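**Q** I am sharing run06.cif, which consists of mmCIF, C-alpha atoms:
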data_run
loop_
_atom_site.label_atom_id
_atom_site.label_comp_id
_atom_site.auth_asym_id
_atom_site.auth_seq_id
_atom_site.Cartn_x
_atom_site.Cartn_y
_atom_site.Cartn_z
CA MET A 260 5.38 -11.69 19.85
CA SER A 261 7.49 -9.43 22.06
CA TYR A 262 6.91 -5.72 22.52
CA LEU A 263 10.14 -4.99 20.64
CA ASP A 264 9.00 -7.09 17.67
CA ALA A 265 5.62 -5.31 17.70
CA ILE A 266 7.30 -1.89 17.79
CA LEU A 267 9.73 -2.66 14.97
CA LEU A 268 7.19 -4.36 12.73
CA GLY A 269 4.49 -1.74 13.43
CA ILE A 270 6.80 1.12 12.49
CA LEU A 271 8.04 -0.78 9.45
CA GLN A 272 4.50 -1.53 8.28
CA GLY A 273 3.39 2.08 8.68
CA LEU A 274 6.35 3.65 6.90
CA THR A 275 6.50 1.22 4.01
CA GLU A 276 2.78 0.79 3.31
CA PHE A 277 2.61 4.10 1.48
CA LEU A 278 6.24 4.82 0.68
CA PRO A 279 6.89 3.12 -2.69
CA VAL A 280 9.24 0.50 -1.24
CA SER A 281 6.88 -2.46 -0.52
CA SER A 282 5.61 -2.96 3.02
CA SER A 283 5.04 -6.69 2.48
CA GLY A 284 8.58 -7.10 1.15
CA HIS A 285 10.09 -5.34 4.14
CA LEU A 286 7.99 -7.38 6.57
CA VAL A 287 9.05 -10.68 4.96
CA ILE A 288 12.72 -9.68 5.18
CA ALA A 289 12.40 -8.21 8.68
CA GLN A 290 10.64 -11.31 10.01
CA ALA A 291 13.43 -13.49 8.61
CA LEU A 292 16.12 -11.29 10.18
CA LEU A 293 14.34 -11.01 13.55
CA GLY A 294 13.61 -14.70 13.64
CA VAL A 295 9.87 -14.02 13.79
CA SER A 296 8.75 -16.87 11.56
CA ASP A 297 5.12 -15.77 11.71
CA PRO A 298 3.93 -12.66 13.56
CA GLY A 299 0.41 -13.98 13.34
CA VAL A 300 -2.57 -13.17 11.17
CA THR A 301 -4.04 -11.02 13.93
CA PHE A 302 -1.01 -8.74 14.11
CA GLU A 303 -0.85 -8.41 10.32
CA VAL A 304 -4.53 -7.51 10.10
CA LEU A 305 -4.32 -4.95 12.93
CA ALA A 306 -1.13 -3.39 11.56
CA HIS A 307 -2.79 -3.01 8.17
CA LEU A 308 -5.86 -1.50 9.82
CA GLY A 309 -3.51 1.02 11.44
CA THR A 310 -2.31 2.14 8.02
CA LEU A 311 -5.90 2.11 6.76
CA PHE A 312 -6.86 4.59 9.48
CA SER A 313 -3.92 6.82 8.52
CA VAL A 314 -5.08 7.23 4.92
CA VAL A 315 -8.69 7.67 6.09
CA VAL A 316 -7.61 10.46 8.44
CA TYR A 317 -5.57 12.21 5.74
CA PHE A 318 -8.35 12.04 3.12
CA ARG A 319 -11.22 12.40 5.58
CA ARG A 320 -12.85 15.34 3.76
CA ARG A 321 -12.57 13.62 0.39
CA ILE A 322 -13.95 10.38 1.82
CA THR A 323 -16.83 12.22 3.52
CA ARG A 324 -17.86 13.71 0.16
CA LEU A 325 -17.64 10.30 -1.51
CA ILE A 326 -19.97 8.86 1.12
CA GLN A 327 -22.35 11.83 0.79
CA SER A 328 -22.55 11.26 -2.96
CA LEU A 329 -24.21 7.88 -2.35
CA TYR A 330 -27.41 9.69 -1.38
CA THR A 331 -26.83 12.99 -3.23
CA PRO A 332 -27.42 12.53 -6.98
CA SER A 333 -26.07 15.98 -7.82
CA MET A 334 -22.53 15.07 -6.66
CA LEU A 335 -21.62 13.64 -10.06
CA GLU A 336 -17.85 13.98 -9.78
CA GLU A 337 -17.77 12.09 -6.48
CA ARG A 338 -20.03 9.37 -7.89
CA ARG A 339 -17.71 9.08 -10.87
CA MET A 340 -14.76 8.64 -8.51
CA LEU A 341 -16.57 5.88 -6.62
CA LEU A 342 -17.14 4.03 -9.89
CA LEU A 343 -13.47 4.42 -10.83
CA LEU A 344 -12.40 3.07 -7.44
CA ILE A 345 -14.61 0.02 -7.99
CA ILE A 346 -13.08 -0.52 -11.44
CA GLY A 347 -9.57 -0.10 -10.06
CA SER A 348 -10.23 -2.63 -7.29
CA ILE A 349 -11.36 -5.43 -9.59
CA PRO A 350 -7.92 -6.72 -10.76
CA ALA A 351 -6.53 -7.18 -7.24
CA GLY A 352 -9.75 -8.83 -6.08
CA LEU A 353 -9.66 -11.34 -8.93
CA ALA A 354 -5.93 -11.98 -8.53
CA GLY A 355 -6.31 -12.58 -4.81
CA ILE A 356 -9.06 -15.14 -5.39
CA LEU A 357 -7.53 -16.94 -8.39
CA PHE A 358 -3.90 -17.03 -7.26
CA LYS A 359 -4.27 -17.13 -3.48
CA ASP A 360 -1.95 -20.11 -2.94
CA PHE A 361 0.73 -18.67 -5.22
CA PHE A 362 0.80 -15.35 -3.39
CA GLU A 363 0.82 -17.00 0.04
CA ALA A 364 3.81 -19.15 -0.94
CA ALA A 365 5.71 -16.04 -2.02
CA PHE A 366 5.56 -14.70 1.55
CA ASN A 367 7.81 -17.54 2.67
CA ASP A 368 10.60 -16.75 0.22
CA PRO A 369 12.82 -13.80 1.20
CA LEU A 370 15.08 -14.36 -1.84
CA SER A 371 12.27 -13.84 -4.35
CA THR A 372 11.13 -10.88 -2.27
CA ALA A 373 14.59 -9.36 -2.59
CA ALA A 374 14.44 -9.87 -6.36
CA MET A 375 11.04 -8.15 -6.52
CA LEU A 376 12.52 -5.10 -4.78
CA PHE A 377 14.74 -4.70 -7.85
CA VAL A 378 11.62 -4.84 -10.01
CA THR A 379 10.04 -2.10 -7.90
CA GLY A 380 13.21 -0.04 -8.23
CA ALA A 381 13.12 -0.40 -12.03
CA ILE A 382 9.46 0.66 -12.14
CA LEU A 383 10.17 3.75 -10.04
CA LEU A 384 13.27 4.67 -12.03
CA ALA A 385 11.29 4.42 -15.28
CA THR A 386 9.01 7.26 -14.13
CA ARG A 387 11.98 9.62 -14.53
CA PHE A 388 11.75 9.22 -18.29
CA VAL A 389 7.99 9.68 -18.53
CA HIS A 390 6.59 13.04 -19.62
CA LYS A 391 4.56 14.54 -16.79
CA GLY A 392 0.92 14.16 -17.79
CA ASP A 393 -2.06 16.30 -16.91
CA LYS A 394 -4.91 13.85 -17.42
CA SER A 395 -7.46 12.91 -14.79
CA VAL A 396 -8.13 9.28 -13.92
CA GLN A 397 -10.45 7.62 -16.45
CA TRP A 398 -11.87 4.10 -16.53
CA LEU A 399 -8.95 2.68 -18.56
CA SER A 400 -6.26 4.32 -16.42
CA ALA A 401 -8.13 3.15 -13.29
CA LEU A 402 -8.05 -0.41 -14.63
CA ILE A 403 -4.34 -0.16 -15.45
CA MET A 404 -3.55 1.21 -12.00
CA GLY A 405 -5.66 -1.60 -10.57
CA ALA A 406 -3.52 -4.10 -12.48
CA GLY A 407 -0.49 -2.54 -10.82
CA GLN A 408 -2.16 -3.06 -7.44
CA ALA A 409 -2.80 -6.72 -8.31
CA CYS A 410 0.90 -7.26 -9.11
CA ALA A 411 1.77 -5.69 -5.78
CA ILE A 412 0.21 -8.58 -3.89
CA LEU A 413 3.64 -10.14 -4.44
CA PRO A 414 5.95 -9.18 -1.56
CA GLY A 415 8.64 -6.85 -2.84
CA ILE A 416 6.39 -5.13 -5.39
CA SER A 417 5.28 -1.81 -3.95
CA ARG A 418 1.54 -1.16 -4.09
CA SER A 419 1.84 2.61 -4.05
CA GLY A 420 4.86 2.53 -6.35
CA SER A 421 3.29 0.31 -8.99
CA THR A 422 -0.10 2.05 -8.96
CA ILE A 423 1.24 5.62 -9.05
CA ALA A 424 3.81 4.69 -11.71
CA ALA A 425 1.11 2.94 -13.79
CA GLY A 426 -0.95 6.12 -13.69
CA MET A 427 2.02 8.25 -14.71
CA PHE A 428 2.82 5.86 -17.59
CA VAL A 429 -0.62 6.49 -19.11
CA GLY A 430 -0.48 10.26 -18.67
CA VAL A 431 -2.32 10.81 -15.39
CA ASN A 432 -1.19 13.83 -13.41
CA PRO A 433 1.22 12.47 -10.75
CA ALA A 434 -0.61 14.15 -7.84
CA LEU A 435 -3.96 12.78 -9.03
CA ALA A 436 -2.41 9.34 -9.55
CA ALA A 437 -1.09 9.41 -5.97
CA GLU A 438 -4.47 10.44 -4.54
CA PHE A 439 -6.26 7.70 -6.51
CA SER A 440 -3.65 5.17 -5.38
CA PHE A 441 -4.20 6.02 -1.72
CA LEU A 442 -7.99 5.98 -2.04
CA MET A 443 -7.76 2.64 -3.85
CA ALA A 444 -5.82 1.26 -0.88
CA ILE A 445 -8.86 1.66 1.37
CA PRO A 446 -11.04 -1.10 -0.16
CA ALA A 447 -7.95 -3.28 -0.72
CA ILE A 448 -6.83 -3.14 2.93
CA ALA A 449 -10.36 -3.24 4.31
CA GLY A 450 -11.29 -6.20 2.12
CA ALA A 451 -8.26 -8.20 3.22
CA ALA A 452 -9.06 -7.42 6.85
CA VAL A 453 -12.68 -8.54 6.51
CA LEU A 454 -11.57 -11.88 5.05
CA GLN A 455 -9.41 -12.51 8.13
CA ILE A 456 -11.64 -11.02 10.82
CA GLY A 457 -12.39 -14.49 12.20
CA ASP A 458 -8.73 -14.94 13.16
CA VAL A 459 -8.74 -11.59 14.94
CA LEU A 460 -11.82 -12.42 17.00
CA THR A 461 -10.31 -15.70 18.18
CA ALA A 462 -6.84 -14.29 18.93
CA ASP A 463 -5.06 -14.95 22.20
CA SER A 464 -5.79 -12.00 24.50
CA ALA A 465 -2.34 -12.37 26.08
CA HIS A 466 -0.84 -10.74 22.98
CA LEU A 467 -3.38 -7.92 22.81
CA LEU A 468 -1.18 -5.13 24.21
CA PRO A 469 1.81 -5.62 21.85
CA TYR A 470 -0.63 -6.00 18.95
CA LEU A 471 -2.33 -2.72 19.83
CA LEU A 472 1.02 -1.00 20.26
CA GLY A 473 2.08 -2.13 16.80
CA THR A 474 -1.25 -0.93 15.39
CA VAL A 475 -0.91 2.57 16.88
CA LEU A 476 2.64 2.87 15.59
CA SER A 477 1.62 1.71 12.10
CA PHE A 478 -1.11 4.38 12.11
CA LEU A 479 1.23 7.20 13.14
CA THR A 480 4.07 6.26 10.82
CA GLY A 481 1.59 5.56 8.01
CA LEU A 482 0.30 9.12 8.30
CA VAL A 483 3.86 10.42 8.07
CA ALA A 484 4.43 8.27 4.97
CA VAL A 485 1.35 9.66 3.20
CA TYR A 486 2.59 13.22 3.71
CA ALA A 487 6.09 12.20 2.58
CA VAL A 488 4.97 10.56 -0.66
CA LEU A 489 2.72 13.46 -1.67
CA ALA A 490 5.51 15.95 -0.92
CA THR A 491 7.93 13.88 -3.01
CA ILE A 492 5.45 13.76 -5.89
CA ARG A 493 5.07 17.54 -5.81
CA ARG A 494 8.86 17.96 -5.96
CA GLY A 495 9.13 15.58 -8.89
CA ALA A 496 11.45 13.28 -6.96
CA PHE A 497 9.33 10.10 -6.95
CA ASP A 498 12.03 8.13 -8.77
CA TYR A 499 14.52 8.73 -5.94
CA PHE A 500 12.94 5.84 -4.02
CA ALA A 501 14.29 3.52 -6.73
CA TYR A 502 17.80 3.74 -5.32
CA TYR A 503 16.61 2.70 -1.89
CA CYS A 504 14.82 -0.32 -3.39
CA PHE A 505 17.98 -1.34 -5.26
CA ALA A 506 20.04 -1.02 -2.07
CA ALA A 507 17.50 -2.91 0.06
CA GLY A 508 17.22 -5.66 -2.53
CA ALA A 509 21.00 -6.00 -2.78
CA LEU A 510 21.39 -6.15 0.99
CA ALA A 511 18.66 -8.79 1.28
CA LEU A 512 20.28 -10.92 -1.43
CA TYR A 513 23.62 -10.66 0.38
CA LEU A 514 22.07 -11.69 3.70
CA PHE A 515 20.01 -14.61 2.44
CA LEU A 516 22.13 -16.11 -0.33
#
How does this structure look as C-alpha cells?
**A**
Amino acid sequence: MSYLDAILLGILQGLTEFLPVSSSGHLVIAQALLGVSDPGVTFEVLAHLGTLFSVVVYFRRRITRLIQSLYTPSMLEERRMLLLLIIGSIPAGLAGILFKDFFEAAFNDPLSTAAMLFVTGAILLATRFVHKGDKSVQWLSALIMGAGQACAILPGISRSGSTIAAGMFVGVNPALAAEFSFLMAIPAIAGAAVLQIGDVLTADSAHLLPYLLGTVLSFLTGLVAVYAVLATIRRGAFDYFAYYCFAAGALALYLFL
C-alpha cells in the first residue's frame, strides 16, 4: 500500500464511519476505483481502531462513568446503560458468526454495495416523516437498534444511519439514539479488531508507516464526523444525508455497470 492510498483510505474511513453514509461501502468502491484490490486486514483493523479512538475520546467522560459503575453499585443509570449496550450488541455478534461467509463475499461486489447505498438513502429519508420522539433507550429499542447494526455489516448499509434511524422509528429521542449508536460502535469495532489481532501482529513491518498514517487520519477525521453527526441531529437535518447516498450510489452504478 502506498502512502497516497493510506491517506485517502484513512480519511475516507474516518469520515464515513460515523457519518450515515456507510464507511464499508465507500471503502469497497474506493478500493475498486484506486485499483487497491485488498488493502490488507492489518490496515482495515488499524483504520477501524483509529475511528474507535475518536468515539472514545469524544465520549470519554461518559465511558469513564460506565467503567466506574462496574464497581459502584449506586450508579444504577450507568449500569442500566451497560446492560442495554450488551443487548444492542447481540444481533450483530450473532449475524457476524452465522453469516460470516455471506458478508465477506459482499465486500467483493461493488455493484451490490452501490445498491445498498440506495437502501441507506431510503432509510435516512424515511426519518423525515417520523414524529420526533422523546423516549429514552429501553431494552426493546436497544435490540431493534442492534438489529440495524447487524444489517449494517453489509457494505453500503450505514451503521450509524441504520441504528440512529431504527431508534427514531421506535420513538427514541434522536440525540439519545445517536449517543447510543456511537457507544454501541465501541464493542462492535473492538470485537472485530480482537478477532483479527493475529493478522496485525504478523503484519509486514515494511508497511507500518503508511498504516500508522492512515490510522491517525482515520482518528482525526472520525472525531470530526462525530461532531458533525451530532450537530446535524440537533438541527433536525439527519435526512439530508439521504441525497448524498442516492448520488453516491448512482455514481457507483454508472462507474461499475
**Q** Identify, on the basis of only C-alpha atoms, every residue whose closest approach to stretch 502-511 of chain A does not exceed 8 Å; exclude the query and any residue fewer than 3 positions from it along the same chain; express the result as a list in words.
**A** Val280, Ile288, Pro369, Leu370, Ala373, Ala374, Met375, Leu376, Phe377, Thr379, Gly380, Tyr499, Leu514 and Phe515 of chain A
**Q** Can you work out the spacing between atom CA of A:Asp360 and atom CA of A:Ala306 in Å, to one decimal?
**A**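 According to the coordinates, atom CA of A:Asp360 and atom CA of A:Ala306 are separated by 22.1 Å.
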**Q** Take every atom of stretch 412-428 of chain A listed in the file, pad by 8 Å on each side, and give me the axis-aligned box centre and edge lengths in Å, one decimal, as JSON.
**A**
{"center_x": 3.8, "center_y": -0.9, "center_z": -9.6, "size_x": 25.6, "size_y": 34.4, "size_z": 32.0}
**Q** What does the distance from atom CA of A:Ala354 to atom CA of A:Phe439 come to in Å, to one decimal?
**A**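 Between atom CA of A:Ala354 and atom CA of A:Phe439 the gap works out to 19.8 Å.
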**Q** What separation in Å, quoted to one decimal, exists between atom CA of A:Ala381 and atom CA of A:Ile345?
**A**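 Separating atom CA of A:Ala381 from atom CA of A:Ile345 is a distance of 28.0 Å.
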**Q** Give me, as number ranges by chain, all polymer residues having an atom no more than 12 Å from stretch 310-313 of chain A, counting all atoms listed in the file and skipping those fewer than 5 positions away in the same chain.
**A** A: 269-278, 282, 303-305, 318-319, 322, 441-452, 473-486
**Q** Considering all atoms listed in the file, state which residue in the set A:Tyr470, A:Tyr513, A:Phe428, A:Phe366 is at the smallest distance from A:His285.
**A**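 Answer, going by the shortest atom-to-atom distance: A:Phe366.
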**Q** Evaluate the PyMOL selection byres ((chain A and resi 489) around 10) on the structure here and hand back the selected residues as a PDB file with C-alpha atoms, in the coordinates of the input.
**A**
ATOM      1  CA  PHE A 277       2.610   4.100   1.480  1.00  0.00           C
ATOM      2  CA  LEU A 278       6.240   4.820   0.680  1.00  0.00           C
ATOM      3  CA  PRO A 433       1.220  12.470 -10.750  1.00  0.00           C
ATOM      4  CA  ALA A 434      -0.610  14.150  -7.840  1.00  0.00           C
ATOM      5  CA  LEU A 435      -3.960  12.780  -9.030  1.00  0.00           C
ATOM      6  CA  ALA A 437      -1.090   9.410  -5.970  1.00  0.00           C
ATOM      7  CA  GLU A 438      -4.470  10.440  -4.540  1.00  0.00           C
ATOM      8  CA  ALA A 484       4.430   8.270   4.970  1.00  0.00           C
ATOM      9  CA  VAL A 485       1.350   9.660   3.200  1.00  0.00           C
ATOM     10  CA  TYR A 486       2.590  13.220   3.710  1.00  0.00           C
ATOM     11  CA  ALA A 487       6.090  12.200   2.580  1.00  0.00           C
ATOM     12  CA  VAL A 488       4.970  10.560  -0.660  1.00  0.00           C
ATOM     13  CA  ALA A 490       5.510  15.950  -0.920  1.00  0.00           C
ATOM     14  CA  THR A 491       7.930  13.880  -3.010  1.00  0.00           C
ATOM     15  CA  ILE A 492       5.450  13.760  -5.890  1.00  0.00           C
ATOM     16  CA  ARG A 493       5.070  17.540  -5.810  1.00  0.00           C
ATOM     17  CA  ARG A 494       8.860  17.960  -5.960  1.00  0.00           C
ATOM     18  CA  GLY A 495       9.130  15.580  -8.890  1.00  0.00           C
ATOM     19  CA  PHE A 497       9.330  10.100  -6.950  1.00  0.00           C
TER      20      PHE A 497
END
**Q** For each of A:Ser400, A:Thr386, A:Gln408, A:Asn367, take the minimum atom-to-atom distance to A:Ala496, counting all atoms listed in the file, then give the residue where this is smallest.
**A** A:Thr386
**Q** May I ask which of the residues A:Glu336, A:Asp264, A:Asp368, A:Glu363 is the closest one to A:Ser395, counting only C-alpha atoms?
**A** A:Glu336
**Q** Check what the PyMOL selection byres ((chain A and resi 393) around 7) selects in the file above and give those residues as a PyMOL selection string.
**A** chain A and resi 391-392+394-395+430-432
**Q** How would you write, as a ChimeraX atom specification, the residues chosen by the PyMOL selection byres ((chain A and resi 340-344) around 9) on this structure?
**A** /A:325-326,328-329,335-339,345-349,396-398,401-402,405,439,442-443,446
